Each structure stands twice: as C-alpha cells, then as structure tokens.
Amino acid sequence: MYAIRVHLAARSGRPLRAPVEPAVRAGLERGLRGSARLSHARIRHSADALDAVVFVDAGSLLEAEDRLRDACGELVAENGELSGWELHCCEADPWIALGLHALPSRP
C-alpha cells in the first residue's frame, strides 16, 4: 500500500462544482485501473482547494502514482465530477510512508 498526496485547485480561483467527499472517493475508486485499488483516503476541501492522502494498493509505487494520476485526471476532465478543477500534485508522500509526520518538531 502506498500513501499518495493529492492537491486539486479550482481553475480561475472558483470551482464550477464543489467537491463532495463521497463523490471524490467514488470517482477515484472507479478511475483506478489495472491491479491498483483504493484502500482508503483522507480528504479535506475548501471552496477552492482539495487536499487528500490516498492509500492505494498496487504492484509498485510507480503504478500507484500513475493509476491515481489517471483517476484524478478523469475527475477533473471536462465531463468529470470535478470539472472546473485542476490537478496540481499527485505523488507519493515519503513523510507519511515512513511515519515521520508524527515526529515532534524541533525548534
């Protein structure tokens, strides 16, 4: 399983349709191809941005990133659930993968 960070932003600063977490999750599940599968996702959104950490089961990290990038592309396509949005980031997050996100910060 691979932790992949996704960031979407509204085109022109304003979305045509607001993201709704169940619709985003369902769109990602439908969009993943091959052996890649959505394990779970943490999704947070505002009026003009969506940030998520998506856990993808896949044969390799590259496959997980590629398949999730394709699924996000389908979401933001002209006829997708999030048309009016654009994908800014879809890549593995080494901090999450290594469990370093929970370490205390140092001054």
# chains A, B, ... in the order shown; residues from 1 in each chain; ligands from 1
call {"tool": "residues_around", "arguments": {"residues": "Glu74 of chain A", "least_positions_apart": "3", "cutoff": "12 Å", "atoms": "only C-alpha atoms", "output": "NGL selection string"}}
result
:A and (24 or 26-33 or 67-71 or 77-83 or 85-87)
call {"tool": "residues_around", "arguments": {"residues": "His40 of chain A", "least_positions_apart": "2", "cutoff": "9 Å", "atoms": "only C-alpha atoms", "output": "mmCIF file with all heavy atoms, in the first residue's frame"}}
result
data_model
loop_
_atom_site.group_PDB
_atom_site.id
_atom_site.type_symbol
_atom_site.label_atom_id
_atom_site.label_comp_id
_atom_site.auth_asym_id
_atom_site.auth_seq_id
_atom_site.Cartn_x
_atom_site.Cartn_y
_atom_site.Cartn_z
ATOM 1 N N ARG A 25 -14.317 10.181 -3.548
ATOM 2 C CA ARG A 25 -13.887 8.814 -3.230
ATOM 3 C C ARG A 25 -14.424 7.828 -4.277
ATOM 4 O O ARG A 25 -13.681 6.987 -4.778
ATOM 5 C CB ARG A 25 -14.384 8.440 -1.834
ATOM 6 C CG ARG A 25 -13.849 7.133 -1.311
ATOM 7 C CD ARG A 25 -14.368 6.858 0.093
ATOM 8 N NE ARG A 25 -14.265 7.992 0.985
ATOM 9 C CZ ARG A 25 -13.201 8.285 1.734
ATOM 10 N NH1 ARG A 25 -12.153 7.504 1.676
ATOM 11 N NH2 ARG A 25 -13.189 9.330 2.525
ATOM 12 N N LEU A 38 -8.185 1.408 -4.435
ATOM 13 C CA LEU A 38 -8.248 2.373 -3.351
ATOM 14 C C LEU A 38 -8.423 1.635 -2.038
ATOM 15 O O LEU A 38 -9.358 0.854 -1.882
ATOM 16 C CB LEU A 38 -9.419 3.333 -3.570
ATOM 17 C CG LEU A 38 -9.623 4.393 -2.502
ATOM 18 C CD1 LEU A 38 -8.507 5.420 -2.554
ATOM 19 C CD2 LEU A 38 -10.958 5.067 -2.696
ATOM 20 N N ARG A 42 -8.075 10.115 3.012
ATOM 21 C CA ARG A 42 -8.418 11.235 3.890
ATOM 22 C C ARG A 42 -8.526 12.449 2.989
ATOM 23 O O ARG A 42 -7.560 12.824 2.330
ATOM 24 C CB ARG A 42 -7.318 11.477 4.925
ATOM 25 C CG ARG A 42 -7.121 10.354 5.889
ATOM 26 C CD ARG A 42 -8.168 10.485 6.991
ATOM 27 N NE ARG A 42 -8.078 9.389 7.911
ATOM 28 C CZ ARG A 42 -7.775 9.514 9.188
ATOM 29 N NH1 ARG A 42 -7.525 10.693 9.685
ATOM 30 N NH2 ARG A 42 -7.755 8.456 9.959
ATOM 31 N N VAL A 53 -4.859 12.530 1.174
ATOM 32 C CA VAL A 53 -3.857 11.478 1.217
ATOM 33 C C VAL A 53 -4.616 10.214 0.877
ATOM 34 O O VAL A 53 -5.568 9.843 1.566
ATOM 35 C CB VAL A 53 -3.174 11.373 2.593
ATOM 36 C CG1 VAL A 53 -2.209 10.200 2.604
ATOM 37 C CG2 VAL A 53 -2.456 12.667 2.922
ATOM 38 N N VAL A 54 -4.230 9.605 -0.222
ATOM 39 C CA VAL A 54 -4.930 8.434 -0.745
ATOM 40 C C VAL A 54 -3.997 7.240 -0.608
ATOM 41 O O VAL A 54 -2.847 7.284 -1.038
ATOM 42 C CB VAL A 54 -5.325 8.651 -2.227
ATOM 43 C CG1 VAL A 54 -6.084 7.455 -2.761
ATOM 44 C CG2 VAL A 54 -6.145 9.933 -2.369
ATOM 45 N N PHE A 55 -4.511 6.185 -0.006
ATOM 46 C CA PHE A 55 -3.739 4.956 0.161
ATOM 47 C C PHE A 55 -4.173 3.989 -0.924
ATOM 48 O O PHE A 55 -5.343 3.597 -0.986
ATOM 49 C CB PHE A 55 -3.962 4.382 1.555
ATOM 50 C CG PHE A 55 -3.407 5.268 2.639
ATOM 51 C CD1 PHE A 55 -4.161 6.307 3.147
ATOM 52 C CD2 PHE A 55 -2.125 5.072 3.122
ATOM 53 C CE1 PHE A 55 -3.654 7.144 4.133
ATOM 54 C CE2 PHE A 55 -1.603 5.896 4.103
ATOM 55 C CZ PHE A 55 -2.371 6.937 4.612
ATOM 56 N N VAL A 56 -3.223 3.648 -1.793
ATOM 57 C CA VAL A 56 -3.509 2.839 -2.971
ATOM 58 C C VAL A 56 -2.762 1.512 -2.865
ATOM 59 O O VAL A 56 -1.552 1.491 -2.629
ATOM 60 C CB VAL A 56 -3.073 3.577 -4.259
ATOM 61 C CG1 VAL A 56 -3.313 2.716 -5.484
ATOM 62 C CG2 VAL A 56 -3.797 4.907 -4.384
#
call {"tool": "closest_residue", "arguments": {"among": "A:Leu8, A:Ile43, A:Ala23, A:Ala3", "to": "Cys72 of chain A", "atoms": "only C-alpha atoms"}}
result
A:Leu8
call {"tool": "select_by_dssp", "arguments": {"residues": "chain A", "states": "strand (DSSP E or B)", "output": "number ranges by chain"}}
result
A: 2-10, 37-45, 49-57, 85-92
call {"tool": "write_last_selection", "arguments": {"atoms": "C-alpha atoms", "output": "mmCIF file, in the first residue's frame"}}
result
data_model
loop_
_atom_site.group_PDB
_atom_site.id
_atom_site.type_symbol
_atom_site.label_atom_id
_atom_site.label_comp_id
_atom_site.auth_asym_id
_atom_site.auth_seq_id
_atom_site.Cartn_x
_atom_site.Cartn_y
_atom_site.Cartn_z
ATOM 1 C CA TYR A 2 1.305 3.432 -0.960
ATOM 2 C CA ALA A 3 0.424 6.835 0.538
ATOM 3 C CA ILE A 4 -0.041 9.403 -2.197
ATOM 4 C CA ARG A 5 -0.734 13.086 -1.640
ATOM 5 C CA VAL A 6 -3.184 14.780 -3.998
ATOM 6 C CA HIS A 7 -3.818 18.507 -4.359
ATOM 7 C CA LEU A 8 -6.544 19.912 -6.592
ATOM 8 C CA ALA A 9 -7.356 23.587 -7.045
ATOM 9 C CA ALA A 10 -10.247 25.360 -8.651
ATOM 10 C CA ARG A 37 -7.205 -0.355 -5.766
ATOM 11 C CA LEU A 38 -8.248 2.373 -3.351
ATOM 12 C CA SER A 39 -7.639 1.241 0.212
ATOM 13 C CA HIS A 40 -8.741 4.426 1.958
ATOM 14 C CA ALA A 41 -8.451 8.182 1.664
ATOM 15 C CA ARG A 42 -8.418 11.235 3.890
ATOM 16 C CA ILE A 43 -9.950 14.154 2.027
ATOM 17 C CA ARG A 44 -10.149 17.779 3.118
ATOM 18 C CA HIS A 45 -11.571 20.518 0.930
ATOM 19 C CA ALA A 49 -8.793 23.591 -2.876
ATOM 20 C CA LEU A 50 -8.860 19.877 -2.168
ATOM 21 C CA ASP A 51 -6.086 18.055 -0.333
ATOM 22 C CA ALA A 52 -6.075 14.313 0.174
ATOM 23 C CA VAL A 53 -3.857 11.478 1.217
ATOM 24 C CA VAL A 54 -4.930 8.434 -0.745
ATOM 25 C CA PHE A 55 -3.739 4.956 0.161
ATOM 26 C CA VAL A 56 -3.509 2.839 -2.971
ATOM 27 C CA ASP A 57 -2.873 -0.905 -3.160
ATOM 28 C CA TRP A 85 -10.826 21.910 -11.010
ATOM 29 C CA GLU A 86 -7.239 21.043 -11.950
ATOM 30 C CA LEU A 87 -4.698 18.601 -10.586
ATOM 31 C CA HIS A 88 -1.625 20.276 -9.101
ATOM 32 C CA CYS A 89 0.036 17.387 -7.276
ATOM 33 C CA CYS A 90 -0.262 13.607 -7.227
ATOM 34 C CA GLU A 91 2.825 11.958 -5.797
ATOM 35 C CA ALA A 92 3.991 9.652 -3.058
#
call {"tool": "select_by_dssp", "arguments": {"residues": "segment 4-105 of chain A", "states": "helix (DSSP H, G or I)", "output": "PyMOL selection string"}}
result
chain A and resi 11-13+21-31+61-76+94-97+100-102
call {"tool": "closest_residue", "arguments": {"among": "A:Ala36, A:Pro94, A:Ser12, A:Pro19", "to": "Glu65 of chain A", "atoms": "only C-alpha atoms"}}
result
A:Ala36
call {"tool": "atom_distance", "arguments": {"atom1": "atom CA of Ser35 of chain A", "atom2": "atom CA of Gly59 of chain A"}}
result
7.0 Å
call {"tool": "decode", "arguments": {"residues": "segment 20-32 of chain A", "atoms": "all heavy atoms", "output": "mmCIF file, in the first residue's frame"}}
result
data_model
loop_
_atom_site.group_PDB
_atom_site.id
_atom_site.type_symbol
_atom_site.label_atom_id
_atom_site.label_comp_id
_atom_site.auth_asym_id
_atom_site.auth_seq_id
_atom_site.Cartn_x
_atom_site.Cartn_y
_atom_site.Cartn_z
ATOM 1 N N VAL A 20 -17.482 16.951 -3.115
ATOM 2 C CA VAL A 20 -18.158 16.287 -2.014
ATOM 3 C C VAL A 20 -17.396 14.991 -1.784
ATOM 4 O O VAL A 20 -17.200 14.217 -2.718
ATOM 5 C CB VAL A 20 -19.640 16.014 -2.354
ATOM 6 C CG1 VAL A 20 -20.326 15.266 -1.233
ATOM 7 C CG2 VAL A 20 -20.357 17.319 -2.654
ATOM 8 N N GLU A 21 -16.949 14.772 -0.557
ATOM 9 C CA GLU A 21 -16.051 13.664 -0.255
ATOM 10 C C GLU A 21 -16.518 12.318 -0.805
ATOM 11 O O GLU A 21 -15.738 11.619 -1.444
ATOM 12 C CB GLU A 21 -15.818 13.570 1.252
ATOM 13 C CG GLU A 21 -14.801 12.531 1.610
ATOM 14 C CD GLU A 21 -14.471 12.522 3.088
ATOM 15 O OE1 GLU A 21 -14.683 13.533 3.756
ATOM 16 O OE2 GLU A 21 -13.990 11.482 3.551
ATOM 17 N N PRO A 22 -17.782 11.907 -0.620
ATOM 18 C CA PRO A 22 -18.188 10.604 -1.172
ATOM 19 C C PRO A 22 -18.078 10.545 -2.707
ATOM 20 O O PRO A 22 -17.710 9.516 -3.253
ATOM 21 C CB PRO A 22 -19.639 10.456 -0.728
ATOM 22 C CG PRO A 22 -19.757 11.333 0.481
ATOM 23 C CD PRO A 22 -18.827 12.489 0.219
ATOM 24 N N ALA A 23 -18.358 11.654 -3.384
ATOM 25 C CA ALA A 23 -18.261 11.667 -4.845
ATOM 26 C C ALA A 23 -16.808 11.568 -5.287
ATOM 27 O O ALA A 23 -16.483 10.873 -6.253
ATOM 28 C CB ALA A 23 -18.896 12.931 -5.401
ATOM 29 N N VAL A 24 -15.909 12.246 -4.580
ATOM 30 C CA VAL A 24 -14.490 12.178 -4.910
ATOM 31 C C VAL A 24 -13.975 10.760 -4.689
ATOM 32 O O VAL A 24 -13.310 10.179 -5.543
ATOM 33 C CB VAL A 24 -13.679 13.187 -4.067
ATOM 34 C CG1 VAL A 24 -12.186 12.980 -4.262
ATOM 35 C CG2 VAL A 24 -14.076 14.611 -4.414
ATOM 36 N N ARG A 25 -14.317 10.181 -3.548
ATOM 37 C CA ARG A 25 -13.887 8.814 -3.230
ATOM 38 C C ARG A 25 -14.424 7.828 -4.277
ATOM 39 O O ARG A 25 -13.681 6.987 -4.778
ATOM 40 C CB ARG A 25 -14.384 8.440 -1.834
ATOM 41 C CG ARG A 25 -13.849 7.133 -1.311
ATOM 42 C CD ARG A 25 -14.368 6.858 0.093
ATOM 43 N NE ARG A 25 -14.265 7.992 0.985
ATOM 44 C CZ ARG A 25 -13.201 8.285 1.734
ATOM 45 N NH1 ARG A 25 -12.153 7.504 1.676
ATOM 46 N NH2 ARG A 25 -13.189 9.330 2.525
ATOM 47 N N ALA A 26 -15.689 7.933 -4.630
ATOM 48 C CA ALA A 26 -16.280 7.036 -5.629
ATOM 49 C C ALA A 26 -15.619 7.226 -6.989
ATOM 50 O O ALA A 26 -15.356 6.253 -7.697
ATOM 51 C CB ALA A 26 -17.784 7.279 -5.726
ATOM 52 N N GLY A 27 -15.320 8.468 -7.344
ATOM 53 C CA GLY A 27 -14.651 8.738 -8.617
ATOM 54 C C GLY A 27 -13.263 8.137 -8.672
ATOM 55 O O GLY A 27 -12.847 7.597 -9.696
ATOM 56 N N LEU A 28 -12.536 8.211 -7.560
ATOM 57 C CA LEU A 28 -11.209 7.609 -7.509
ATOM 58 C C LEU A 28 -11.293 6.089 -7.609
ATOM 59 O O LEU A 28 -10.506 5.456 -8.311
ATOM 60 C CB LEU A 28 -10.475 8.021 -6.234
ATOM 61 C CG LEU A 28 -10.104 9.499 -6.123
ATOM 62 C CD1 LEU A 28 -9.475 9.784 -4.772
ATOM 63 C CD2 LEU A 28 -9.188 9.920 -7.261
ATOM 64 N N GLU A 29 -12.262 5.499 -6.919
ATOM 65 C CA GLU A 29 -12.433 4.038 -6.993
ATOM 66 C C GLU A 29 -12.734 3.600 -8.411
ATOM 67 O O GLU A 29 -12.197 2.617 -8.897
ATOM 68 C CB GLU A 29 -13.545 3.586 -6.047
ATOM 69 C CG GLU A 29 -13.145 3.631 -4.592
ATOM 70 C CD GLU A 29 -14.289 3.270 -3.645
ATOM 71 O OE1 GLU A 29 -15.447 3.172 -4.092
ATOM 72 O OE2 GLU A 29 -14.008 3.092 -2.455
ATOM 73 N N ARG A 30 -13.605 4.331 -9.103
ATOM 74 C CA ARG A 30 -13.952 3.993 -10.492
ATOM 75 C C ARG A 30 -12.771 4.200 -11.428
ATOM 76 O O ARG A 30 -12.590 3.462 -12.384
ATOM 77 C CB ARG A 30 -15.109 4.860 -10.984
ATOM 78 C CG ARG A 30 -16.462 4.373 -10.632
ATOM 79 C CD ARG A 30 -17.541 5.133 -11.409
ATOM 80 N NE ARG A 30 -17.334 6.577 -11.446
ATOM 81 C CZ ARG A 30 -17.759 7.436 -10.508
ATOM 82 N NH1 ARG A 30 -18.397 6.989 -9.461
ATOM 83 N NH2 ARG A 30 -17.538 8.719 -10.629
ATOM 84 N N GLY A 31 -11.970 5.234 -11.166
ATOM 85 C CA GLY A 31 -10.902 5.606 -12.076
ATOM 86 C C GLY A 31 -9.642 4.768 -11.972
ATOM 87 O O GLY A 31 -8.855 4.743 -12.908
ATOM 88 N N LEU A 32 -9.432 4.103 -10.846
ATOM 89 C CA LEU A 32 -8.232 3.281 -10.710
ATOM 90 C C LEU A 32 -8.339 2.056 -11.611
ATOM 91 O O LEU A 32 -9.357 1.377 -11.635
ATOM 92 C CB LEU A 32 -8.023 2.871 -9.250
ATOM 93 C CG LEU A 32 -7.534 3.991 -8.340
ATOM 94 C CD1 LEU A 32 -7.596 3.560 -6.892
ATOM 95 C CD2 LEU A 32 -6.127 4.418 -8.712
#
